[in-house]
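*Asks:* Please read through the structure below; I'll follow up with questions.
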Amino acid sequence: MNTLSTINNKIEKKLNSNITCSEENGAVKLEGEVKSWDEVVIAGQIAAKSKYRGVINDITVKGLDLPAFTKPHIVDKAIEGKKPDVMIIGGGIIGSAIARALSKWNIDILLVEKESDVAMHQSSRNDGMVHPGVNPHSGTLKAKYNVKGNEMFKQLAKELNVPFRRIGTYVLFDSFVIKEIGSAYLLSKAKKNGVKGVRRVSIKEIKKAEPHINDNIAGGIYMPTTGVCPPYEMTVALAENAVINGAVVSLNTAVLDIKKYKDNITEVVTNRGSVYPKVVINAAGVFSDKIAEMAGDRFFTIHPRKGEIALLDKNKGNLLDSVTSIVSTKLLKGNTKGGGLVKTAEGNILVGPSAYEQPYKEDYSTNRKIMNEVLDKNLPYVKGLNKGDVITYLSGTRAATYKEDFIIEKSQKVSNLIYVAGIQSPGYASSPAIAEEIERITIETLKKEMKVIKKVNFIKQRKGIPNLKELSKDERAELIQKRKEYGQIICRCEEVSKGEILDAIHSPIPALTIDAIKRRTRAGMGRCQGGFCSPLVADIIKQETGKELIDITKKGGDSYLLYKATK
Ligand SMILES: Cc1cc2nc3c(=O)[nH]c(=O)nc-3n(C[C@H](O)[C@H](O)[C@H](O)COP(=O)(O)OP(=O)(O)OC[C@H]3O[C@@H](n4cnc5c(N)ncnc54)[C@H](O)[C@@H]3O)c2cc1C
């Protein structure tokens, strides 16, 4: 085991900087100042190779001030005095899946999310891939929950009425040497991780399934269990289903402080009042380390690893019907899958994501140079794709810890705190299995304090909003008979009707911003990216809520659509 002085020497030798290493809460704590963010990350990675349970990286960069997390504007007493049995911090896929899993029990659940909707960070800024589970290092929590989550996804999507397709991955090798090394490596990992059906495929077989794949490949590996499912839709569906089963979701609600008596959380302070929960679940994504700090229980630091994705026009969707991934030596050694081409459940092709370290947790700008590298790497592998097909770019930041594995456990120090932290990729694919484990830990913890029994009337099905475009002519006509607004198209690119938008506004978690409606209906996701329909959607929100147009936002906070009235 590396001692603190060994870690210290290694870091100082590598960076030529004065870094202090100490032990805190079973983790290595790093302090000092360096010249760049890359050096901060390198120091953390060196420390992570030790047997300490985590790395607290407090190293700063000369001249770099990092912003605090974005907070809601609202300050009121909406949840003051609430005493939920369980308080979940974070409304991403993880918090929402946990809320739904726990809503099977007769307990009071409060989920707080600092943004104006669920799924506004990692959980809507990813590829929506339900990875098969080959890539995570064997023996990690990532490998365990990914494989199990993948198996659970189809049934979950069916219950919640979210589109899911098991489309498989073709890993393509562009040289015979890489093919031999890569195939042996992936087949052995698949075996160790328990992923079924992974096998070698010939060029002929690949071309039969995917006729537009470039001729310039040496062969591949097929992973049949890869699935795709829209991540924002799944997150909304889980949260809605939890609400239908009695959970409360409080949006625009940020946890600002945590108060304890001895080793027990007694009060959680938010901008909407103080809450007094029996159990707290930390599912705060890139800010899960901040929540740990508030609870006086630091043992890890999140270093946001950015990923950028390009979305291609649906009219090129017919050129691919699976996930393809190009293998390089870097991919086999690195922490991420290096990106590829993904046919989404909705029919578009996604390109990416990239993966690089940078200090900002909520900076979703995209970088032209990196995006070009991603496109140049992937597009040539499918004949007929080119950069002119890109309709938009997006980015997200993965919640990576220096140990690079998930943290799914009860706090060792705070008796009523549970961690679901460091949930970077493949966190989406793993989410159903993670939720099941957190359900088990939470119920076990609660049972020490109260009687907990399963609900007899748990509603596992969710109907959701009808997707008119997918219905037959007769089914559409029947709906239009019931509500004429289903016959009025608002988003022309994605063929979304006014009726669907009204459904979103009046759903269990009301969609009151342009992006919240987009996540639920796809209005604004097509070629024109909302150029035509955004004003119409804003007007419908105005009519339904009585809000003034000037107060309607794209995504909450101060993202107002209009600056001021002119007439
Ligand atoms: C570019 C990219 C591509 C990816 N692709 C895939 C993929 O294809 N497949 C896959 O399996 N995984 C993928 N991932 C990983 C996956 O997106 C994440 O693992 C998953 O979304 C994590 O969900 P979460 O709920 O933990 O985090 P989040 O979705 O980030 O949710 C955390 C929530 O906590 C809230 N919060 C934070 N602090 C507070 C506070 N103080 N008070 C109240 N609320 C707070 C935040 O606002 C946020 O909404 C990808 C990630 C990225 C960035």
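In the structure tokens, each chain is lettered A, B, ... as it comes, each chain's residues begin at 1, and ligands are numbered from 1 in order of appearance.
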Determine, for each residue of chain A having at least one atom at most 7 Å from an atom of ligand 1, the closest pair of atoms and their separation in Å to one decimal, counting only C-alpha atoms and all ligand atoms; order by chain and ascending number, as a Markdown table.
*Replies:*
```
| residue | atom | partner | partner_atom_place_in_ligand_line | distance |
| --- | --- | --- | --- | --- |
| A:Ile89 | CA | ligand 1 | 43 (C) | 5.2 |
| A:Gly90 | CA | ligand 1 | 34 (O) | 3.2 |
| A:Gly91 | CA | ligand 1 | 49 (O) | 4.8 |
| A:Gly92 | CA | ligand 1 | 25 (O) | 3.2 |
| A:Ile93 | CA | ligand 1 | 25 (O) | 4.2 |
| A:Ile94 | CA | ligand 1 | 25 (O) | 3.8 |
| A:Gly95 | CA | ligand 1 | 25 (O) | 5.4 |
| A:Val112 | CA | ligand 1 | 43 (C) | 5.4 |
| A:Glu113 | CA | ligand 1 | 44 (N) | 3.9 |
| A:Lys114 | CA | ligand 1 | 43 (C) | 4.1 |
| A:Glu115 | CA | ligand 1 | 47 (O) | 5.4 |
| A:Val118 | CA | ligand 1 | 49 (O) | 6.0 |
| A:Ala119 | CA | ligand 1 | 29 (O) | 5.5 |
| A:Met120 | CA | ligand 1 | 49 (O) | 5.3 |
| A:His121 | CA | ligand 1 | 30 (O) | 4.4 |
| A:Gln122 | CA | ligand 1 | 29 (O) | 3.9 |
| A:Ser123 | CA | ligand 1 | 21 (O) | 3.5 |
| A:Ser124 | CA | ligand 1 | 29 (O) | 6.9 |
| A:Arg125 | CA | ligand 1 | 1 (C) | 5.7 |
| A:Asn126 | CA | ligand 1 | 3 (C) | 3.4 |
| A:Asp127 | CA | ligand 1 | 8 (O) | 3.8 |
| A:Gly128 | CA | ligand 1 | 8 (O) | 4.4 |
| A:Met129 | CA | ligand 1 | 8 (O) | 3.6 |
| A:Val130 | CA | ligand 1 | 9 (N) | 5.4 |
| A:His131 | CA | ligand 1 | 11 (O) | 5.9 |
| A:Thr253 | CA | ligand 1 | 43 (C) | 5.8 |
| A:Ala254 | CA | ligand 1 | 42 (N) | 3.4 |
| A:Val255 | CA | ligand 1 | 42 (N) | 3.9 |
| A:Leu256 | CA | ligand 1 | 41 (N) | 5.9 |
| A:Ala283 | CA | ligand 1 | 26 (O) | 5.5 |
| A:Ala284 | CA | ligand 1 | 34 (O) | 3.5 |
| A:Gly285 | CA | ligand 1 | 32 (C) | 3.8 |
| A:Val286 | CA | ligand 1 | 30 (O) | 6.0 |
| A:Phe287 | CA | ligand 1 | 38 (N) | 4.8 |
| A:Ser288 | CA | ligand 1 | 38 (N) | 6.6 |
| A:Ile291 | CA | ligand 1 | 41 (N) | 6.6 |
| A:Lys306 | CA | ligand 1 | 53 (C) | 6.1 |
| A:Gly307 | CA | ligand 1 | 1 (C) | 3.8 |
| A:Glu308 | CA | ligand 1 | 1 (C) | 5.5 |
| A:Ile309 | CA | ligand 1 | 1 (C) | 6.5 |
| A:Pro353 | CA | ligand 1 | 1 (C) | 5.2 |
| A:Ser395 | CA | ligand 1 | 1 (C) | 5.6 |
| A:Gly396 | CA | ligand 1 | 53 (C) | 3.8 |
| A:Thr397 | CA | ligand 1 | 53 (C) | 4.2 |
| A:Arg398 | CA | ligand 1 | 53 (C) | 4.2 |
| A:Ala421 | CA | ligand 1 | 26 (O) | 6.7 |
| A:Ile423 | CA | ligand 1 | 19 (O) | 4.5 |
| A:Gln424 | CA | ligand 1 | 19 (O) | 3.6 |
| A:Ser425 | CA | ligand 1 | 15 (C) | 3.5 |
| A:Pro426 | CA | ligand 1 | 11 (O) | 3.3 |
| A:Gly427 | CA | ligand 1 | 19 (O) | 3.2 |
| A:Tyr428 | CA | ligand 1 | 11 (O) | 3.4 |
| A:Ala429 | CA | ligand 1 | 11 (O) | 3.8 |
| A:Ser430 | CA | ligand 1 | 11 (O) | 6.2 |
```
*Asks:* Write the residues you've just listed into a file as a compact mmCIF listing (two decimals), in the first residue's frame, and include N, CA and C atoms for each of them.
*Replies:*
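Saved to out03.txt:
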```txt
# COMPACT_ATOMS: atom_id res chain seq x y z
N ILE A 89 -31.77 13.85 -2.50
CA ILE A 89 -31.21 15.10 -3.05
C ILE A 89 -30.77 14.81 -4.48
N GLY A 90 -31.46 15.43 -5.45
CA GLY A 90 -31.10 15.26 -6.86
C GLY A 90 -32.17 14.56 -7.67
N GLY A 91 -32.61 15.23 -8.72
CA GLY A 91 -33.66 14.69 -9.60
C GLY A 91 -33.10 14.31 -10.95
N GLY A 92 -31.97 13.61 -10.95
CA GLY A 92 -31.47 13.01 -12.19
C GLY A 92 -32.07 11.61 -12.30
N ILE A 93 -31.50 10.81 -13.20
CA ILE A 93 -32.02 9.44 -13.37
C ILE A 93 -31.89 8.66 -12.06
N ILE A 94 -30.83 8.91 -11.30
CA ILE A 94 -30.60 8.12 -10.09
C ILE A 94 -31.61 8.49 -9.01
N GLY A 95 -31.74 9.79 -8.70
CA GLY A 95 -32.71 10.21 -7.68
C GLY A 95 -34.12 9.80 -8.06
N VAL A 112 -35.81 16.50 -3.68
CA VAL A 112 -35.56 17.92 -3.99
C VAL A 112 -34.58 18.03 -5.13
N GLU A 113 -34.87 18.96 -6.03
CA GLU A 113 -34.03 19.18 -7.21
C GLU A 113 -33.85 20.69 -7.35
N LYS A 114 -32.61 21.13 -7.50
CA LYS A 114 -32.37 22.57 -7.51
C LYS A 114 -32.84 23.25 -8.81
N GLU A 115 -33.00 22.48 -9.86
CA GLU A 115 -33.41 23.08 -11.14
C GLU A 115 -34.93 23.12 -11.28
N VAL A 118 -36.78 17.94 -13.58
CA VAL A 118 -35.87 16.80 -13.39
C VAL A 118 -35.04 16.66 -14.69
N ALA A 119 -33.99 15.87 -14.62
CA ALA A 119 -33.17 15.55 -15.82
C ALA A 119 -32.56 16.78 -16.49
N MET A 120 -32.02 17.69 -15.73
CA MET A 120 -31.43 18.85 -16.39
C MET A 120 -29.90 18.82 -16.46
N HIS A 121 -29.30 17.85 -15.79
CA HIS A 121 -27.82 17.80 -15.88
C HIS A 121 -27.40 16.53 -16.62
N GLN A 122 -26.55 15.71 -16.01
CA GLN A 122 -26.05 14.52 -16.73
C GLN A 122 -27.16 13.72 -17.39
N SER A 123 -28.31 13.64 -16.71
CA SER A 123 -29.34 12.70 -17.16
C SER A 123 -30.08 13.12 -18.42
N SER A 124 -29.82 14.34 -18.93
CA SER A 124 -30.37 14.64 -20.26
C SER A 124 -29.22 14.98 -21.20
N ARG A 125 -28.00 14.83 -20.71
CA ARG A 125 -26.85 15.24 -21.51
C ARG A 125 -25.96 14.04 -21.79
N ASN A 126 -26.59 12.95 -22.16
CA ASN A 126 -25.82 11.73 -22.44
C ASN A 126 -26.33 11.04 -23.70
N ASP A 127 -25.72 9.91 -24.02
CA ASP A 127 -26.05 9.20 -25.27
C ASP A 127 -27.28 8.31 -25.17
N GLY A 128 -27.80 8.13 -23.94
CA GLY A 128 -28.97 7.27 -23.79
C GLY A 128 -28.68 5.81 -24.10
N MET A 129 -27.43 5.43 -23.96
CA MET A 129 -27.06 4.05 -24.27
C MET A 129 -27.18 3.18 -23.03
N VAL A 130 -27.85 2.06 -23.19
CA VAL A 130 -27.91 1.09 -22.10
C VAL A 130 -26.78 0.10 -22.41
N HIS A 131 -25.60 0.48 -21.94
CA HIS A 131 -24.38 -0.29 -22.25
C HIS A 131 -24.54 -1.76 -21.84
N THR A 253 -35.46 23.65 -5.71
CA THR A 253 -35.16 23.49 -4.28
C THR A 253 -33.73 22.97 -4.12
N ALA A 254 -32.86 23.85 -3.64
CA ALA A 254 -31.45 23.46 -3.48
C ALA A 254 -31.12 23.22 -2.03
N VAL A 255 -30.41 22.15 -1.76
CA VAL A 255 -29.90 21.91 -0.41
C VAL A 255 -28.71 22.85 -0.20
N LEU A 256 -28.81 23.67 0.86
CA LEU A 256 -27.78 24.68 1.11
C LEU A 256 -26.91 24.35 2.31
N ALA A 283 -27.93 11.95 -4.01
CA ALA A 283 -27.86 11.59 -5.44
C ALA A 283 -27.65 12.87 -6.25
N ALA A 284 -26.72 13.71 -5.76
CA ALA A 284 -26.58 15.06 -6.31
C ALA A 284 -25.58 15.16 -7.45
N GLY A 285 -25.27 14.07 -8.12
CA GLY A 285 -24.45 14.11 -9.34
C GLY A 285 -23.10 14.75 -9.11
N VAL A 286 -22.75 15.73 -9.95
CA VAL A 286 -21.42 16.36 -9.82
C VAL A 286 -21.23 17.10 -8.51
N PHE A 287 -22.35 17.36 -7.80
CA PHE A 287 -22.23 18.05 -6.51
C PHE A 287 -22.39 17.10 -5.31
N SER A 288 -22.32 15.81 -5.54
CA SER A 288 -22.45 14.88 -4.42
C SER A 288 -21.31 15.06 -3.41
N ILE A 291 -22.39 17.84 -1.03
CA ILE A 291 -23.37 17.37 -0.04
C ILE A 291 -22.63 16.61 1.06
N LYS A 306 -15.77 16.22 -19.01
CA LYS A 306 -16.74 16.70 -20.00
C LYS A 306 -16.87 15.77 -21.20
N GLY A 307 -18.09 15.73 -21.73
CA GLY A 307 -18.33 14.95 -22.95
C GLY A 307 -19.22 15.75 -23.87
N GLU A 308 -18.86 15.77 -25.15
CA GLU A 308 -19.64 16.53 -26.14
C GLU A 308 -20.21 15.58 -27.19
N ILE A 309 -21.43 15.90 -27.59
CA ILE A 309 -22.17 15.00 -28.49
C ILE A 309 -22.75 15.83 -29.64
N PRO A 353 -19.78 10.40 -27.14
CA PRO A 353 -19.23 11.68 -26.66
C PRO A 353 -17.70 11.66 -26.59
N SER A 395 -23.46 19.14 -24.51
CA SER A 395 -22.38 18.59 -23.70
C SER A 395 -22.88 18.30 -22.30
N GLY A 396 -22.15 17.47 -21.59
CA GLY A 396 -22.48 17.15 -20.20
C GLY A 396 -21.18 16.92 -19.44
N THR A 397 -21.27 16.91 -18.13
CA THR A 397 -20.07 16.65 -17.33
C THR A 397 -20.31 15.43 -16.45
N ARG A 398 -19.45 14.44 -16.61
CA ARG A 398 -19.59 13.19 -15.85
C ARG A 398 -19.11 13.39 -14.42
N ALA A 421 -23.07 8.16 -5.25
CA ALA A 421 -22.22 9.24 -5.78
C ALA A 421 -21.23 8.67 -6.79
N ILE A 423 -21.56 8.72 -9.87
CA ILE A 423 -22.33 7.95 -10.88
C ILE A 423 -22.09 8.57 -12.26
N GLN A 424 -20.93 8.23 -12.79
CA GLN A 424 -20.61 8.64 -14.17
C GLN A 424 -21.03 7.48 -15.08
N SER A 425 -20.62 7.52 -16.32
CA SER A 425 -20.95 6.44 -17.24
C SER A 425 -20.41 5.11 -16.72
N PRO A 426 -21.12 4.03 -16.72
CA PRO A 426 -22.44 3.77 -17.29
C PRO A 426 -23.58 3.91 -16.27
N GLY A 427 -23.71 5.11 -15.71
CA GLY A 427 -24.70 5.33 -14.66
C GLY A 427 -26.14 5.19 -15.15
N TYR A 428 -26.37 5.61 -16.40
CA TYR A 428 -27.73 5.51 -16.93
C TYR A 428 -28.12 4.04 -17.07
N ALA A 429 -27.24 3.27 -17.71
CA ALA A 429 -27.52 1.84 -17.89
C ALA A 429 -27.68 1.11 -16.56
N SER A 430 -26.96 1.59 -15.55
CA SER A 430 -26.96 0.91 -14.24
C SER A 430 -28.13 1.34 -13.35
```
*Asks:* Can you tell me which residues surround Ala43 (chain A) at a distance of at most 9 Å, considering only C-alpha atoms, apart from same-chain residues fewer than 3 positions away, and format the answer as JSON, numbers by chain?
*Replies:* {"A": [7, 10, 11, 12, 14, 15, 19, 30, 38, 39, 40, 46, 47, 48, 57, 59]}
*Asks:* Write the residues you've just listed into a file as a PDB file, in the first residue's frame, and include N, CA and C atoms for each of them.
*Replies:*
```
ATOM      1  N   ILE A   7       3.013   8.683  -1.793  1.00  0.00           N
ATOM      2  CA  ILE A   7       2.117   9.427  -2.710  1.00  0.00           C
ATOM      3  C   ILE A   7       2.684  10.833  -2.924  1.00  0.00           C
ATOM      4  N   LYS A  10       5.657  10.814  -5.222  1.00  0.00           N
ATOM      5  CA  LYS A  10       5.277  10.553  -6.623  1.00  0.00           C
ATOM      6  C   LYS A  10       4.694  11.820  -7.263  1.00  0.00           C
ATOM      7  N   ILE A  11       3.812  12.494  -6.502  1.00  0.00           N
ATOM      8  CA  ILE A  11       3.177  13.697  -7.063  1.00  0.00           C
ATOM      9  C   ILE A  11       4.221  14.797  -7.278  1.00  0.00           C
ATOM     10  N   GLU A  12       5.068  14.985  -6.278  1.00  0.00           N
ATOM     11  CA  GLU A  12       6.054  16.076  -6.399  1.00  0.00           C
ATOM     12  C   GLU A  12       7.028  15.807  -7.545  1.00  0.00           C
ATOM     13  N   LYS A  14       6.371  14.105 -10.263  1.00  0.00           N
ATOM     14  CA  LYS A  14       5.653  14.258 -11.538  1.00  0.00           C
ATOM     15  C   LYS A  14       5.371  15.734 -11.849  1.00  0.00           C
ATOM     16  N   LEU A  15       4.963  16.484 -10.814  1.00  0.00           N
ATOM     17  CA  LEU A  15       4.500  17.851 -11.075  1.00  0.00           C
ATOM     18  C   LEU A  15       5.498  18.934 -10.685  1.00  0.00           C
ATOM     19  N   ILE A  19       3.097  19.743  -2.800  1.00  0.00           N
ATOM     20  CA  ILE A  19       1.750  19.248  -2.457  1.00  0.00           C
ATOM     21  C   ILE A  19       1.807  18.558  -1.096  1.00  0.00           C
ATOM     22  N   LEU A  30      -5.392  15.976  -0.504  1.00  0.00           N
ATOM     23  CA  LEU A  30      -4.302  16.673  -1.185  1.00  0.00           C
ATOM     24  C   LEU A  30      -4.517  18.175  -1.078  1.00  0.00           C
ATOM     25  N   ASP A  38      -5.082  20.352 -15.365  1.00  0.00           N
ATOM     26  CA  ASP A  38      -4.568  19.016 -15.691  1.00  0.00           C
ATOM     27  C   ASP A  38      -3.688  18.497 -14.552  1.00  0.00           C
ATOM     28  N   GLU A  39      -2.904  19.406 -13.954  1.00  0.00           N
ATOM     29  CA  GLU A  39      -2.020  18.979 -12.856  1.00  0.00           C
ATOM     30  C   GLU A  39      -2.828  18.571 -11.623  1.00  0.00           C
ATOM     31  N   VAL A  40      -3.938  19.271 -11.378  1.00  0.00           N
ATOM     32  CA  VAL A  40      -4.819  18.908 -10.250  1.00  0.00           C
ATOM     33  C   VAL A  40      -5.286  17.467 -10.448  1.00  0.00           C
ATOM     34  N   ILE A  46      -2.826  10.031  -9.195  1.00  0.00           N
ATOM     35  CA  ILE A  46      -1.707   9.341  -8.529  1.00  0.00           C
ATOM     36  C   ILE A  46      -2.169   8.881  -7.141  1.00  0.00           C
ATOM     37  N   ALA A  47      -2.837   9.776  -6.418  1.00  0.00           N
ATOM     38  CA  ALA A  47      -3.303   9.436  -5.056  1.00  0.00           C
ATOM     39  C   ALA A  47      -4.324   8.298  -5.081  1.00  0.00           C
ATOM     40  N   ALA A  48      -5.095   8.236  -6.157  1.00  0.00           N
ATOM     41  CA  ALA A  48      -6.151   7.208  -6.244  1.00  0.00           C
ATOM     42  C   ALA A  48      -5.582   5.806  -6.351  1.00  0.00           C
ATOM     43  N   ASN A  57      -9.484  16.052  -3.100  1.00  0.00           N
ATOM     44  CA  ASN A  57      -8.486  16.857  -3.811  1.00  0.00           C
ATOM     45  C   ASN A  57      -8.782  18.340  -3.628  1.00  0.00           C
ATOM     46  N   ILE A  59      -6.442  20.672  -4.052  1.00  0.00           N
ATOM     47  CA  ILE A  59      -5.389  21.441  -4.743  1.00  0.00           C
ATOM     48  C   ILE A  59      -6.056  22.530  -5.584  1.00  0.00           C
TER      49      ILE A  59
END
```
*Asks:* So which one's closest to Val75 (chain A), A:Ser175, A:Asn271, A:Gln155, A:Ser17? Using only C-alpha atoms, please.
*Replies:* A:Asn271
*Asks:* Quick one: of A:Glu409, A:Glu362, A:Asp321, A:Glu33, who's nearest to Glu210 (chain A), counting only C-alpha atoms?
*Replies:* A:Asp321
*Asks:* Looking at A:Val249, A:Tyr381, A:Ala239, A:Val280, which one is nearest to Asn216 (chain A), with distances taken over only C-alpha atoms?
*Replies:* A:Tyr381
*Asks:* Which residues, written as a ChimeraX atom specification, have at least one atom at most 9 Å from Glu23 (chain A), with only C-alpha atoms counted and residues fewer than 6 positions away on the same chain left out?
*Replies:* /A:4,29-30,52
*Asks:* Could you tell me which of A:Thr445, A:Thr70, A:Asn106, A:Asn386 comes closest to Asp363 (chain A) if we count only C-alpha atoms?
*Replies:*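 Nearest to Asp363 (chain A): A:Thr70.
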*Asks:* Name the closest residue to Thr344 (chain A) among the candidates A:Glu293, A:Asp117, A:Asp58, A:Asp313; distances are taken between atoms, counting only C-alpha atoms.
*Replies:*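 Closest residue, counting only C-alpha atoms: A:Asp313.
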*Asks:* Can you list, as a list of chain:residue names, every protein, DNA or RNA residue that comes within 10 Å of Lys62 (chain A) when you count only C-alpha atoms, leaving out same-chain residues fewer than 6 positions away?
*Replies:*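 The contact residues come out as A:Gly32, A:Glu33, A:Val34, A:Lys35, A:Ser36, A:Trp37.
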*Asks:* Would you write out those residues with N, CA and C atoms, as a CSV table (one decimal), in the first residue's frame?
*Replies:*
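Dumped everything to selection.csv:
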```
chain,number,residue,atom,x,y,z
A,32,GLY,N,-2.5,22.2,-1.8
A,32,GLY,CA,-1.3,22.9,-2.4
A,32,GLY,C,-1.8,23.7,-3.6
A,33,GLU,N,-0.9,24.2,-4.4
A,33,GLU,CA,-1.3,25.0,-5.6
A,33,GLU,C,-0.5,24.6,-6.8
A,34,VAL,N,-1.1,24.5,-7.9
A,34,VAL,CA,-0.4,24.1,-9.1
A,34,VAL,C,-0.7,25.1,-10.2
A,35,LYS,N,-0.2,24.8,-11.4
A,35,LYS,CA,-0.3,25.8,-12.5
A,35,LYS,C,-1.5,25.6,-13.4
A,36,SER,N,-2.0,24.3,-13.5
A,36,SER,CA,-3.1,24.0,-14.4
A,36,SER,C,-4.0,23.0,-13.8
A,37,TRP,N,-5.3,22.9,-14.4
A,37,TRP,CA,-6.3,22.0,-14.0
A,37,TRP,C,-5.8,20.5,-14.2
```
*Asks:* Quick one: residues within 10 Å of Asp174 (chain A), only C-alpha atoms counted, chain neighbours fewer than 6 positions away excluded, as a list in words?
*Replies:* Asp215, Asn216, Ile217, Ala218, Gly219, Gly220, Ile326, Val327, Ser328 and Tyr381 of chain A
